[in-house]
>>> print(open('entry07.json').read())   # JSON, C-alpha atoms
[["chain", "number", "residue", "atom", "x", "y", "z"],
["W", 1, "MET", "CA", -15.02, 18.97, -6.57],
["W", 2, "THR", "CA", -13.84, 19.24, -2.99],
["W", 3, "LEU", "CA", -10.08, 18.82, -2.74],
["W", 4, "GLN", "CA", -9.27, 15.39, -1.35],
["W", 5, "HIS", "CA", -5.89, 13.93, -0.44],
["W", 6, "TYR", "CA", -4.84, 10.31, 0.13],
["W", 7, "LEU", "CA", -2.24, 10.42, 2.89],
["W", 8, "GLN", "CA", -3.24, 7.33, 4.86],
["W", 9, "PHE", "CA", -5.72, 4.50, 4.44],
["W", 10, "SER", "CA", -8.25, 6.03, 6.82],
["W", 11, "ASP", "CA", -8.65, 9.09, 4.55],
["W", 12, "LEU", "CA", -11.36, 7.28, 2.56],
["W", 13, "THR", "CA", -14.55, 5.54, 3.68],
["W", 14, "ALA", "CA", -15.52, 1.89, 3.23],
["W", 15, "GLU", "CA", -18.02, 2.96, 0.59],
["W", 16, "GLU", "CA", -15.35, 4.88, -1.31],
["W", 17, "TYR", "CA", -13.11, 1.81, -1.25],
["W", 18, "ALA", "CA", -15.92, -0.31, -2.67],
["W", 19, "TRP", "CA", -16.10, 2.16, -5.56],
["W", 20, "LEU", "CA", -12.32, 2.15, -6.07],
["W", 21, "PHE", "CA", -12.15, -1.65, -6.17],
["W", 22, "ARG", "CA", -14.90, -1.76, -8.79],
["W", 23, "ARG", "CA", -13.20, 0.93, -10.88],
["W", 24, "ALA", "CA", -9.82, -0.78, -10.57],
["W", 25, "ALA", "CA", -11.33, -4.00, -11.93],
["W", 26, "ILE", "CA", -12.85, -2.14, -14.90],
["W", 27, "ILE", "CA", -9.66, -0.20, -15.63],
["W", 28, "LYS", "CA", -7.56, -3.37, -15.39],
["W", 29, "GLN", "CA", -9.92, -5.11, -17.80],
["W", 30, "LYS", "CA", -9.47, -2.28, -20.29],
["W", 31, "PHE", "CA", -5.69, -2.59, -19.94],
["W", 32, "LYS", "CA", -5.77, -6.33, -20.55],
["W", 33, "ALA", "CA", -7.96, -5.82, -23.63],
["W", 34, "TYR", "CA", -5.59, -3.16, -25.04],
["W", 35, "GLU", "CA", -8.50, -0.72, -24.91],
["W", 36, "LYS", "CA", -7.42, 2.92, -24.97],
["W", 37, "TYR", "CA", -8.76, 4.84, -21.96],
["W", 38, "HIS", "CA", -7.62, 8.45, -21.52],
["W", 39, "PRO", "CA", -9.79, 10.18, -18.90],
["W", 40, "LEU", "CA", -6.78, 12.18, -17.64],
["W", 41, "ALA", "CA", -5.70, 13.63, -20.99],
["W", 42, "ASP", "CA", -3.93, 16.98, -20.48],
["W", 43, "ARG", "CA", -3.50, 16.27, -16.76],
["W", 44, "THR", "CA", -0.04, 16.17, -15.15],
["W", 45, "LEU", "CA", 1.21, 14.14, -12.21],
["W", 46, "ALA", "CA", 4.26, 15.33, -10.28],
["W", 47, "MET", "CA", 6.13, 12.50, -8.56],
["W", 48, "ILE", "CA", 8.45, 13.58, -5.74],
["W", 49, "PHE", "CA", 10.93, 11.03, -4.38],
["W", 50, "GLU", "CA", 13.03, 11.32, -1.23],
["W", 51, "LYS", "CA", 13.18, 7.51, -0.99],
["W", 52, "ALA", "CA", 14.37, 5.21, -3.75],
["W", 53, "SER", "CA", 11.69, 3.38, -5.68],
["W", 54, "THR", "CA", 11.04, 0.75, -8.33],
["W", 55, "ARG", "CA", 7.39, -0.33, -8.10],
["W", 56, "THR", "CA", 6.08, 3.05, -6.96],
["W", 57, "ARG", "CA", 7.73, 4.94, -9.79],
["W", 58, "VAL", "CA", 6.89, 2.46, -12.54],
["W", 59, "SER", "CA", 3.29, 1.91, -11.39],
["W", 60, "PHE", "CA", 2.45, 5.61, -11.07],
["W", 61, "GLU", "CA", 4.33, 6.70, -14.18],
["W", 62, "ALA", "CA", 3.04, 3.94, -16.45],
["W", 63, "GLY", "CA", -0.42, 4.29, -14.95],
["W", 64, "MET", "CA", -0.64, 8.02, -15.58],
["W", 65, "TYR", "CA", 0.54, 7.61, -19.18],
["W", 66, "GLN", "CA", -2.04, 4.86, -19.71],
["W", 67, "LEU", "CA", -4.75, 7.26, -18.49],
["W", 68, "GLY", "CA", -3.61, 9.79, -21.12],
["W", 69, "GLY", "CA", -1.77, 12.12, -18.75],
["W", 70, "SER", "CA", 1.85, 13.15, -18.38],
["W", 71, "VAL", "CA", 4.39, 12.87, -15.59],
["W", 72, "VAL", "CA", 7.07, 15.07, -14.04],
["W", 73, "HIS", "CA", 9.64, 13.13, -12.02],
["W", 74, "LEU", "CA", 11.39, 15.02, -9.20],
["W", 75, "THR", "CA", 13.93, 14.04, -6.57],
["W", 76, "THR", "CA", 15.21, 16.10, -3.67],
["W", 77, "GLY", "CA", 18.65, 16.02, -5.27],
["W", 78, "ASP", "CA", 17.61, 18.03, -8.33],
["W", 79, "THR", "CA", 15.01, 20.40, -6.85],
["W", 80, "GLN", "CA", 14.80, 23.05, -4.16],
["W", 81, "LEU", "CA", 13.11, 20.44, -1.94],
["W", 82, "GLY", "CA", 16.58, 19.14, -1.14],
["W", 83, "ARG", "CA", 17.92, 22.57, -0.27],
["W", 84, "ALA", "CA", 16.57, 25.38, 1.86],
["W", 85, "GLU", "CA", 13.10, 26.02, 0.43],
["W", 86, "PRO", "CA", 10.34, 25.31, 2.96],
["W", 87, "ILE", "CA", 8.02, 22.42, 2.12],
["W", 88, "GLU", "CA", 5.10, 24.83, 2.30],
["W", 89, "ASP", "CA", 6.57, 27.06, -0.43],
["W", 90, "SER", "CA", 7.36, 24.08, -2.67],
["W", 91, "ALA", "CA", 3.77, 22.86, -2.28],
["W", 92, "LYS", "CA", 2.35, 26.25, -3.26],
["W", 93, "VAL", "CA", 4.53, 26.44, -6.38],
["W", 94, "ILE", "CA", 4.34, 22.84, -7.62],
["W", 95, "SER", "CA", 0.58, 22.57, -7.10],
["W", 96, "ARG", "CA", 0.02, 25.62, -9.35],
["W", 97, "MET", "CA", 1.69, 23.81, -12.25],
["W", 98, "VAL", "CA", 0.37, 20.24, -12.05],
["W", 99, "ASP", "CA", -2.94, 18.50, -11.35],
["W", 100, "LEU", "CA", -1.82, 15.81, -8.92],
["W", 101, "VAL", "CA", 1.18, 15.13, -6.68],
["W", 102, "MET", "CA", 2.56, 11.82, -5.42],
["W", 103, "ILE", "CA", 5.21, 11.94, -2.71],
["W", 104, "ARG", "CA", 7.44, 9.12, -1.42],
["W", 105, "THR", "CA", 9.32, 10.40, 1.61],
["W", 106, "PHE", "CA", 10.40, 9.66, 5.17],
["W", 107, "GLY", "CA", 8.29, 11.35, 7.83],
["W", 108, "GLN", "CA", 4.50, 11.53, 7.52],
["W", 109, "ASP", "CA", 4.71, 15.12, 8.76],
["W", 110, "LYS", "CA", 6.40, 16.17, 5.51],
["W", 111, "ILE", "CA", 3.61, 14.93, 3.28],
["W", 112, "GLU", "CA", 0.97, 16.40, 5.60],
["W", 113, "ARG", "CA", 2.67, 19.81, 5.50],
["W", 114, "PHE", "CA", 2.87, 19.63, 1.72],
["W", 115, "ALA", "CA", -0.80, 18.64, 1.41],
["W", 116, "LYS", "CA", -1.92, 21.44, 3.72],
["W", 117, "HIS", "CA", -0.54, 23.99, 1.26],
["W", 118, "SER", "CA", -1.31, 22.19, -2.00],
["W", 119, "ARG", "CA", -4.05, 23.26, -4.40],
["W", 120, "VAL", "CA", -4.25, 19.77, -5.91],
["W", 121, "PRO", "CA", -4.68, 16.23, -4.50],
["W", 122, "VAL", "CA", -1.62, 14.70, -2.83],
["W", 123, "ILE", "CA", -1.05, 10.92, -2.69],
["W", 124, "ASN", "CA", 1.18, 9.11, -0.21],
["W", 125, "GLY", "CA", 3.54, 6.88, -2.21],
["W", 126, "LEU", "CA", 5.11, 5.72, 1.08],
["W", 127, "THR", "CA", 6.23, 7.25, 4.37],
["W", 128, "ASN", "CA", 7.84, 5.76, 7.46],
["W", 129, "GLU", "CA", 4.39, 5.57, 9.04],
["W", 130, "PHE", "CA", 2.04, 4.49, 6.24],
["W", 131, "HIS", "CA", 1.88, 2.81, 2.82],
["W", 132, "PRO", "CA", -1.80, 3.13, 1.79],
["W", 133, "CYS", "CA", -1.38, 2.48, -1.94],
["W", 134, "GLN", "CA", 0.25, -0.87, -1.23],
["W", 135, "ILE", "CA", -2.55, -2.05, 1.06],
["W", 136, "LEU", "CA", -5.05, -0.80, -1.51],
["W", 137, "ALA", "CA", -3.36, -3.11, -4.03],
["W", 138, "ASP", "CA", -3.11, -5.99, -1.55],
["W", 139, "LEU", "CA", -6.80, -5.88, -0.73],
["W", 140, "PHE", "CA", -7.76, -5.64, -4.39],
["W", 141, "THR", "CA", -5.55, -8.66, -5.11],
["W", 142, "PHE", "CA", -7.16, -10.64, -2.31],
["W", 143, "LEU", "CA", -10.62, -9.77, -3.60],
["W", 144, "GLU", "CA", -9.61, -10.82, -7.12],
["W", 145, "HIS", "CA", -8.64, -14.26, -5.84],
["W", 146, "ARG", "CA", -11.03, -14.77, -2.92],
["W", 147, "GLY", "CA", -13.61, -11.98, -2.77],
["W", 148, "ALA", "CA", -15.61, -11.70, -5.99],
["W", 149, "ASN", "CA", -19.40, -11.43, -5.75],
["W", 150, "ALA", "CA", -21.94, -13.28, -7.91],
["W", 151, "GLN", "CA", -21.35, -10.77, -10.72],
["W", 152, "GLY", "CA", -17.61, -11.40, -10.61],
["W", 153, "GLN", "CA", -16.87, -7.96, -9.12],
["W", 154, "PRO", "CA", -14.49, -7.42, -6.19],
["W", 155, "ASP", "CA", -16.71, -6.98, -3.13],
["W", 156, "PRO", "CA", -15.10, -5.63, 0.08],
["W", 157, "ALA", "CA", -18.13, -6.82, 2.05],
["W", 158, "LEU", "CA", -16.64, -10.30, 1.62],
["W", 159, "LEU", "CA", -13.61, -9.20, 3.69],
["W", 160, "LYS", "CA", -15.71, -9.27, 6.86],
["W", 161, "GLY", "CA", -14.73, -12.21, 9.02],
["W", 162, "LYS", "CA", -11.44, -12.78, 7.19],
["W", 163, "THR", "CA", -8.09, -12.94, 8.99],
["W", 164, "VAL", "CA", -4.79, -11.47, 7.81],
["W", 165, "ALA", "CA", -1.60, -12.66, 9.52],
["W", 166, "TRP", "CA", 1.12, -10.01, 9.67],
["W", 167, "VAL", "CA", 4.52, -11.56, 10.44],
["W", 168, "GLY", "CA", 7.56, -9.34, 10.94],
["W", 169, "ASP", "CA", 8.22, -5.69, 11.69],
["W", 170, "GLY", "CA", 5.58, -3.38, 13.14],
["W", 171, "ASN", "CA", 6.25, -0.91, 10.34],
["W", 172, "ASN", "CA", 4.31, 1.30, 7.92],
["W", 173, "MET", "CA", 2.73, -1.74, 6.27],
["W", 174, "ALA", "CA", 1.54, -3.12, 9.61],
["W", 175, "ASN", "CA", 0.14, 0.29, 10.59],
["W", 176, "THR", "CA", -1.80, 0.49, 7.34],
["W", 177, "TRP", "CA", -3.14, -3.07, 7.65],
["W", 178, "LEU", "CA", -4.55, -2.13, 11.05],
["W", 179, "GLN", "CA", -6.28, 0.92, 9.61],
["W", 180, "ALA", "CA", -7.75, -1.18, 6.81],
["W", 181, "ALA", "CA", -9.00, -3.85, 9.21],
["W", 182, "GLU", "CA", -10.73, -1.31, 11.43],
["W", 183, "LEU", "CA", -12.40, 0.33, 8.44],
["W", 184, "LEU", "CA", -13.38, -2.75, 6.41],
["W", 185, "GLY", "CA", -14.26, -5.22, 9.14],
["W", 186, "PHE", "CA", -11.63, -7.95, 8.99],
["W", 187, "LYS", "CA", -9.07, -8.95, 11.61],
["W", 188, "VAL", "CA", -5.26, -8.78, 11.66],
["W", 189, "HIS", "CA", -3.14, -11.22, 13.64],
["W", 190, "VAL", "CA", 0.12, -9.43, 14.39],
["W", 191, "SER", "CA", 3.36, -11.13, 15.40],
["W", 192, "THR", "CA", 6.54, -9.09, 15.80],
["W", 193, "PRO", "CA", 9.71, -9.53, 17.86],
["W", 194, "THR", "CA", 9.78, -7.77, 21.20],
["W", 195, "GLY", "CA", 10.68, -4.13, 20.73],
["W", 196, "TYR", "CA", 9.28, -3.99, 17.18],
["W", 197, "GLU", "CA", 5.57, -3.99, 17.99],
["W", 198, "VAL", "CA", 2.90, -1.97, 16.22],
["W", 199, "ASP", "CA", 2.09, 1.26, 18.08],
["W", 200, "GLN", "CA", -1.68, 1.74, 18.06],
["W", 201, "ALA", "CA", -1.26, 5.50, 18.50],
["W", 202, "VAL", "CA", 1.06, 5.76, 15.48],
["W", 203, "ALA", "CA", -1.25, 3.53, 13.46],
["W", 204, "GLY", "CA", -4.04, 5.96, 14.31],
["W", 205, "ILE", "CA", -6.71, 3.42, 15.14],
["W", 206, "ARG", "CA", -9.36, 3.93, 17.81],
["W", 207, "SER", "CA", -9.42, 0.48, 19.44],
["W", 208, "GLY", "CA", -7.69, -2.87, 19.46],
["W", 209, "ASP", "CA", -10.78, -4.83, 18.46],
["W", 210, "SER", "CA", -9.66, -5.34, 14.86],
["W", 211, "TYR", "CA", -6.30, -6.93, 15.67],
["W", 212, "LYS", "CA", -4.75, -9.45, 18.02],
["W", 213, "VAL", "CA", -1.11, -9.77, 19.03],
["W", 214, "PHE", "CA", 0.74, -13.09, 19.11],
["W", 215, "LYS", "CA", 4.22, -13.72, 20.47],
["W", 216, "ASP", "CA", 4.63, -16.83, 18.29],
["W", 217, "PRO", "CA", 4.29, -16.14, 14.55],
["W", 218, "MET", "CA", 3.02, -19.70, 14.04],
["W", 219, "ASP", "CA", 0.03, -18.90, 16.26],
["W", 220, "ALA", "CA", -0.63, -15.72, 14.29],
["W", 221, "CYS", "CA", -0.84, -17.76, 11.07],
["W", 222, "ARG", "CA", -3.28, -20.37, 12.38],
["W", 223, "GLY", "CA", -6.50, -20.18, 10.40],
["W", 224, "ALA", "CA", -5.42, -17.09, 8.47],
["W", 225, "ASP", "CA", -6.86, -16.35, 5.03],
["W", 226, "LEU", "CA", -3.81, -14.32, 4.07],
["W", 227, "VAL", "CA", -0.23, -14.40, 5.37],
["W", 228, "THR", "CA", 1.90, -11.37, 4.58],
["W", 229, "THR", "CA", 5.22, -9.87, 5.52],
["W", 230, "ASP", "CA", 7.84, -7.28, 4.56],
["W", 231, "VAL", "CA", 11.60, -6.88, 4.67],
["W", 232, "TRP", "CA", 13.05, -6.84, 8.16],
["W", 233, "THR", "CA", 14.90, -3.57, 7.57],
["W", 234, "SER", "CA", 12.94, -0.76, 5.94],
["W", 235, "MET", "CA", 14.59, 2.17, 4.16],
["W", 236, "GLY", "CA", 16.07, 4.56, 6.66],
["W", 237, "TYR", "CA", 16.92, 1.83, 9.17],
["W", 238, "GLU", "CA", 19.88, 0.26, 7.37],
["W", 239, "ALA", "CA", 22.20, 0.81, 10.36],
["W", 240, "GLU", "CA", 20.08, -1.72, 12.28],
["W", 241, "ASN", "CA", 20.30, -4.41, 9.60],
["W", 242, "GLU", "CA", 22.62, -6.88, 11.33],
["W", 243, "GLU", "CA", 20.86, -6.57, 14.67],
["W", 244, "ARG", "CA", 17.47, -7.05, 13.02],
["W", 245, "ARG", "CA", 18.64, -10.20, 11.24],
["W", 246, "LYS", "CA", 19.37, -11.77, 14.62],
["W", 247, "VAL", "CA", 16.21, -10.56, 16.34],
["W", 248, "PHE", "CA", 13.86, -11.48, 13.46],
["W", 249, "ALA", "CA", 15.33, -14.94, 12.76],
["W", 250, "ASN", "CA", 12.16, -16.73, 13.94],
["W", 251, "TRP", "CA", 9.87, -14.49, 11.89],
["W", 252, "CYS", "CA", 10.70, -15.94, 8.48],
["W", 253, "VAL", "CA", 7.47, -17.03, 6.79],
["W", 254, "ASP", "CA", 8.06, -20.67, 5.94],
["W", 255, "THR", "CA", 6.06, -23.63, 4.67],
["W", 256, "GLU", "CA", 5.09, -24.63, 8.23],
["W", 257, "MET", "CA", 3.49, -21.23, 8.83],
["W", 258, "MET", "CA", 1.59, -21.47, 5.54],
["W", 259, "ALA", "CA", 0.46, -24.97, 6.50],
["W", 260, "ALA", "CA", -0.95, -23.56, 9.75],
["W", 261, "ALA", "CA", -3.05, -21.09, 7.78],
["W", 262, "ARG", "CA", -6.21, -22.05, 5.93],
["W", 263, "PRO", "CA", -5.67, -24.51, 3.05],
["W", 264, "ASP", "CA", -6.63, -21.82, 0.54],
["W", 265, "ALA", "CA", -4.63, -19.06, 2.23],
["W", 266, "LEU", "CA", -2.70, -16.64, 0.04],
["W", 267, "PHE", "CA", 0.79, -15.25, 0.59],
["W", 268, "MET", "CA", 1.72, -11.64, -0.14],
["W", 269, "HIS", "CA", 4.85, -9.51, 0.07],
["W", 270, "CYS", "CA", 5.08, -5.86, -1.02],
["W", 271, "LEU", "CA", 8.60, -6.46, -2.45],
["W", 272, "PRO", "CA", 11.53, -6.28, -2.79],
["W", 273, "ALA", "CA", 11.94, -9.63, -1.03],
["W", 274, "HIS", "CA", 14.96, -11.33, 0.50],
["W", 275, "ARG", "CA", 14.50, -15.07, 0.12],
["W", 276, "GLY", "CA", 15.85, -16.88, 3.15],
["W", 277, "GLU", "CA", 15.29, -13.90, 5.43],
["W", 278, "GLU", "CA", 11.69, -12.74, 5.89],
["W", 279, "VAL", "CA", 10.31, -15.48, 3.59],
["W", 280, "GLU", "CA", 11.42, -18.87, 2.32],
["W", 281, "ALA", "CA", 11.84, -19.24, -1.43],
["W", 282, "GLU", "CA", 9.40, -22.19, -1.33],
["W", 283, "VAL", "CA", 6.71, -19.81, -0.07],
["W", 284, "ILE", "CA", 7.18, -16.72, -2.23],
["W", 285, "ASP", "CA", 7.71, -18.85, -5.34],
["W", 286, "GLY", "CA", 5.08, -21.40, -4.34],
["W", 287, "PRO", "CA", 1.47, -21.94, -5.44],
["W", 288, "GLN", "CA", -0.09, -19.86, -2.66],
["W", 289, "SER", "CA", 1.95, -16.78, -3.52],
["W", 290, "VAL", "CA", 0.24, -13.97, -5.45],
["W", 291, "VAL", "CA", 3.06, -11.44, -5.18],
["W", 292, "TRP", "CA", 3.30, -10.82, -8.93],
["W", 293, "ASP", "CA", -0.43, -10.10, -9.24],
["W", 294, "GLU", "CA", -0.06, -7.91, -6.16],
["W", 295, "ALA", "CA", 2.81, -5.95, -7.75],
["W", 296, "GLU", "CA", 0.94, -5.39, -11.02],
["W", 297, "ASN", "CA", -2.19, -4.32, -9.17],
["W", 298, "ARG", "CA", -0.37, -1.36, -7.67],
["W", 299, "MET", "CA", -0.70, 0.22, -11.11],
["W", 300, "HIS", "CA", -4.38, -0.57, -11.58],
["W", 301, "VAL", "CA", -5.60, 0.57, -8.15],
["W", 302, "GLN", "CA", -3.52, 3.73, -8.40],
["W", 303, "LYS", "CA", -5.09, 4.50, -11.77],
["W", 304, "ALA", "CA", -8.52, 4.16, -10.15],
["W", 305, "LEU", "CA", -7.36, 6.36, -7.27],
["W", 306, "MET", "CA", -5.98, 9.11, -9.52],
["W", 307, "GLU", "CA", -9.14, 9.06, -11.63],
["W", 308, "TYR", "CA", -11.27, 9.36, -8.48],
["W", 309, "LEU", "CA", -9.27, 12.18, -6.90],
["W", 310, "LEU", "CA", -9.35, 14.23, -10.12],
["W", 311, "LEU", "CA", -12.72, 13.37, -11.66],
["W", 312, "GLY", "CA", -14.84, 11.86, -8.92],
["W", 313, "ARG", "CA", -17.16, 8.99, -9.79],
["W", 314, "VAL", "CA", -17.09, 8.45, -13.50],
["W", 315, "GLY", "CA", -18.22, 5.57, -15.67]]
>>> encode(input="entry07.json", output="C-alpha cells")
Amino acid sequence: MTLQHYLQFSDLTAEEYAWLFRRAAIIKQKFKAYEKYHPLADRTLAMIFEKASTRTRVSFEAGMYQLGGSVVHLTTGDTQLGRAEPIEDSAKVISRMVDLVMIRTFGQDKIERFAKHSRVPVINGLTNEFHPCQILADLFTFLEHRGANAQGQPDPALLKGKTVAWVGDGNNMANTWLQAAELLGFKVHVSTPTGYEVDQAVAGIRSGDSYKVFKDPMDACRGADLVTTDVWTSMGYEAENEERRKVFANWCVDTEMMAAARPDALFMHCLPAHRGEEVEAEVIDGPQSVVWDEAENRMHVQKALMEYLLLGRVG
C-alpha cells in the first residue's frame, strides 16, 4: 500500500469518506453486538501527547485494543521529544518500531515534519490548526441521526444542501469544518467575535463559497441543520481566558439560537464543555443534543480510519 497520512480533513477524498462512514457503522455494530473483530492483531499504535487529553487518549487506546492491536503511550515529558532530539530523528526511530502513530500537539508544522520522516501512517489527534478526527466523528454522528440512506447506511451525499452553524472561536474546529464543507458539499454559517475570525488561508480552503460569515450568531443559526460550538479558550491560550470571556459573552449557544435553527436541528460540542459559557445547560443537556453519541463515535470512526490506513479497503 502507498503510505497515507491523516493530518487534516482535506487529506482524504469525498469517496474515501463515504467508505470510512460505512466502515465505521459496521465496526460500531460489531462493538454493540460484542462481536470480536481483530483486523489489527500484532499491530502497534504509538500515541504521542504534547497536549493533555481525555477523549483522544481513551478513544484511540480503547479502539486499538478492540481491533486486536496494542498501544504505546508517550508524552514529551518522558521521551526525547521533550528534550533536544529533532522531530525528524524521533520520527525515523519511532516509525521503525510501530505500525501507526497518532500525535496530539500544538503547531501543525510539528506533525507535518514528523510525517515527512515517518515510515508509517501518522494521524492528527489535534493541533492548533486542525482537528480532523473530531469532525470525522461529528459528521458520522450527524449522518447516524439525519443522513441514513434507504439501506440504513450513513450516506455523505445526504450532506449536500445542509447547513452547519459554527458559533464561537475561529479555531481548529472551525478550520476543519470549512475544509469538510468544501469537500462534501454542505455550507457552514460562521459567527465569531471581531478579532477571532476564521482565516481562510490557515483553513486551507480554495474559496469562500462553502461558508458565510455572520456578525450576529442568531443569524448564523437561522435555518441550520446543526448548531455546534467549542470552548472559548483552547489549550495554549489560557492567558487570554478572562479577556475571551468578556468578548465572547454574546456567543453562548442558548435555547433562542436553537429555536432559530430548524425544528429538527442537532446540537454538538466536541467537549469538554463549560455550561453557562459557550453553551447553556438547557441546550447541551436538552433533547436536541447528541454530544454523548458524538463523543463515543470518536472511537468508532478512528477504528475505521486506522483500519483503512493500515489495511486499505477490507470487508
>>> residues_around(input="entry07.json", residues="Glu197 of chain W", least_positions_apart="3", cutoff="9 Å", atoms="only C-alpha atoms", output="PDB file with C-alpha atoms, in the coordinates of the input")
ATOM      1  CA  ASP W 169       8.220  -5.690  11.690  1.00  0.00           C
ATOM      2  CA  GLY W 170       5.580  -3.380  13.140  1.00  0.00           C
ATOM      3  CA  ASN W 171       6.250  -0.910  10.340  1.00  0.00           C
ATOM      4  CA  VAL W 190       0.120  -9.430  14.390  1.00  0.00           C
ATOM      5  CA  SER W 191       3.360 -11.130  15.400  1.00  0.00           C
ATOM      6  CA  THR W 192       6.540  -9.090  15.800  1.00  0.00           C
ATOM      7  CA  PRO W 193       9.710  -9.530  17.860  1.00  0.00           C
ATOM      8  CA  THR W 194       9.780  -7.770  21.200  1.00  0.00           C
ATOM      9  CA  VAL W 213      -1.110  -9.770  19.030  1.00  0.00           C
TER      10      VAL W 213
END
>>> closest_residue(input="entry07.json", among="W:Tyr237, W:Val227, W:Glu182, W:Asp219", to="Ser207 of chain W", atoms="only C-alpha atoms")
W:Glu182
>>> residues_near_point(input="entry07.json", point="(5.4, 3.4, 9.5)", cutoff="9 Å", atoms="all atoms listed in the file", output="list of chain:residue names")
W:Gly107, W:Gln108, W:Leu126, W:Thr127, W:Asn128, W:Glu129, W:Phe130, W:His131, W:Gly170, W:Asn171, W:Asn172, W:Met173, W:Ala174, W:Asn175, W:Thr176, W:Val198, W:Val202, W:Ala203
>>> closest_residue(input="entry07.json", among="W:Lys187, W:His73, W:Arg22, W:Lys28", to="Asn297 of chain W", atoms="only C-alpha atoms")
W:Lys28
>>> closest_residue(input="entry07.json", among="W:Leu100, W:Ala137, W:Met218, W:Val120", to="Glu296 of chain W", atoms="all atoms listed in the file")
W:Ala137
>>> atom_distance(input="entry07.json", atom1="atom CA of Leu309 of chain W", atom2="atom CA of Leu143 of chain W")
22.2 Å
>>> atom_distance(input="entry07.json", atom1="atom CA of Glu256 of chain W", atom2="atom CA of Thr163 of chain W")
17.6 Å
>>> closest_residue(input="entry07.json", among="W:Gly168, W:Ala201, W:Ser210, W:Leu310", to="Cys252 of chain W", atoms="all atoms listed in the file")
W:Gly168
>>> closest_atom_pairs(input="entry07.json", of="segment 115-163 of chain W", to="segment 52-59 of chain W", cutoff="10 Å", atoms="only C-alpha atoms", output="Markdown table")
| residue | atom | partner | partner_atom | distance |
| --- | --- | --- | --- | --- |
| W:Gly125 | CA | W:Thr56 | CA | 6.6 |
| W:Leu126 | CA | W:Thr56 | CA | 8.5 |
| W:Cys133 | CA | W:Thr56 | CA | 9.0 |
| W:Gln134 | CA | W:Thr56 | CA | 9.1 |
>>> residues_near_point(input="entry07.json", point="(-7.9, -23.1, 10.6)", cutoff="9 Å", atoms="all atoms listed in the file", output="number ranges by chain")
W: 221-225, 260-263
>>> closest_residue(input="entry07.json", among="W:Val71, W:Phe114, W:Leu158, W:Phe214", to="Pro86 of chain W", atoms="all atoms listed in the file")
W:Phe114
>>> closest_residue(input="entry07.json", among="W:Ile205, W:Ala91, W:Met97, W:Ala220", to="Val188 of chain W", atoms="all atoms listed in the file")
W:Ala220
>>> atom_distance(input="entry07.json", atom1="atom CA of Ala295 of chain W", atom2="atom CA of Ile103 of chain W")
18.7 Å
>>> closest_atom_pairs(input="entry07.json", of="segment 78-175 of chain W", to="segment 274-294 of chain W", cutoff="9 Å", atoms="all atoms listed in the file", output="tab-separated table")
residue	atom	partner	partner_atom	distance
W:Gln134	CA	W:Glu294	CA	8.6
W:Ala137	CA	W:Glu294	CA	6.2
W:Asp138	CA	W:Glu294	CA	5.9
W:Leu139	CA	W:Glu294	CA	8.9
W:Phe140	CA	W:Glu294	CA	8.2
W:Thr141	CA	W:Glu294	CA	5.6
W:Phe142	CA	W:Glu294	CA	8.5
W:His145	CA	W:Val290	CA	8.9
W:Val167	CA	W:Glu278	CA	8.6
W:Gly168	CA	W:Glu278	CA	7.4
>>> decode(input="entry07.json", residues="segment 169-202 of chain W", atoms="C-alpha atoms", output="short mmCIF file (atom, residue, chain, number, x, y, z; two decimals), in the first residue's frame")
data_model
loop_
_atom_site.label_atom_id
_atom_site.label_comp_id
_atom_site.auth_asym_id
_atom_site.auth_seq_id
_atom_site.Cartn_x
_atom_site.Cartn_y
_atom_site.Cartn_z
CA ASP W 169 -13.96 30.94 18.17
CA GLY W 170 -12.45 30.69 14.69
CA ASN W 171 -10.22 27.86 15.90
CA ASN W 172 -9.00 24.44 14.74
CA MET W 173 -12.55 23.07 14.80
CA ALA W 174 -13.86 25.92 12.65
CA ASN W 175 -10.97 25.48 10.20
CA THR W 176 -11.75 21.78 9.86
CA TRP W 177 -15.49 22.37 9.42
CA LEU W 178 -14.67 24.66 6.49
CA GLN W 179 -12.50 22.00 4.88
CA ALA W 180 -15.25 19.42 5.32
CA ALA W 181 -17.89 21.71 3.83
CA GLU W 182 -15.79 22.45 0.76
CA LEU W 183 -15.10 18.75 0.21
CA LEU W 184 -18.54 17.27 0.97
CA GLY W 185 -20.84 19.96 -0.39
CA PHE W 186 -22.60 21.45 2.62
CA LYS W 187 -22.46 25.01 3.95
CA VAL W 188 -21.10 26.47 7.19
CA HIS W 189 -22.52 29.62 8.77
CA VAL W 190 -19.72 31.12 10.85
CA SER W 191 -20.20 33.65 13.63
CA THR W 192 -17.24 34.75 15.73
CA PRO W 193 -16.42 37.91 17.70
CA THR W 194 -14.38 40.52 15.90
CA GLY W 195 -10.71 39.60 16.02
CA TYR W 196 -11.41 35.86 16.30
CA GLU W 197 -12.49 35.16 12.72
CA VAL W 198 -11.61 32.09 10.70
CA ASP W 199 -8.61 32.70 8.42
CA GLN W 200 -9.34 31.13 5.03
CA ALA W 201 -5.62 30.81 4.31
CA VAL W 202 -4.98 28.93 7.57
#
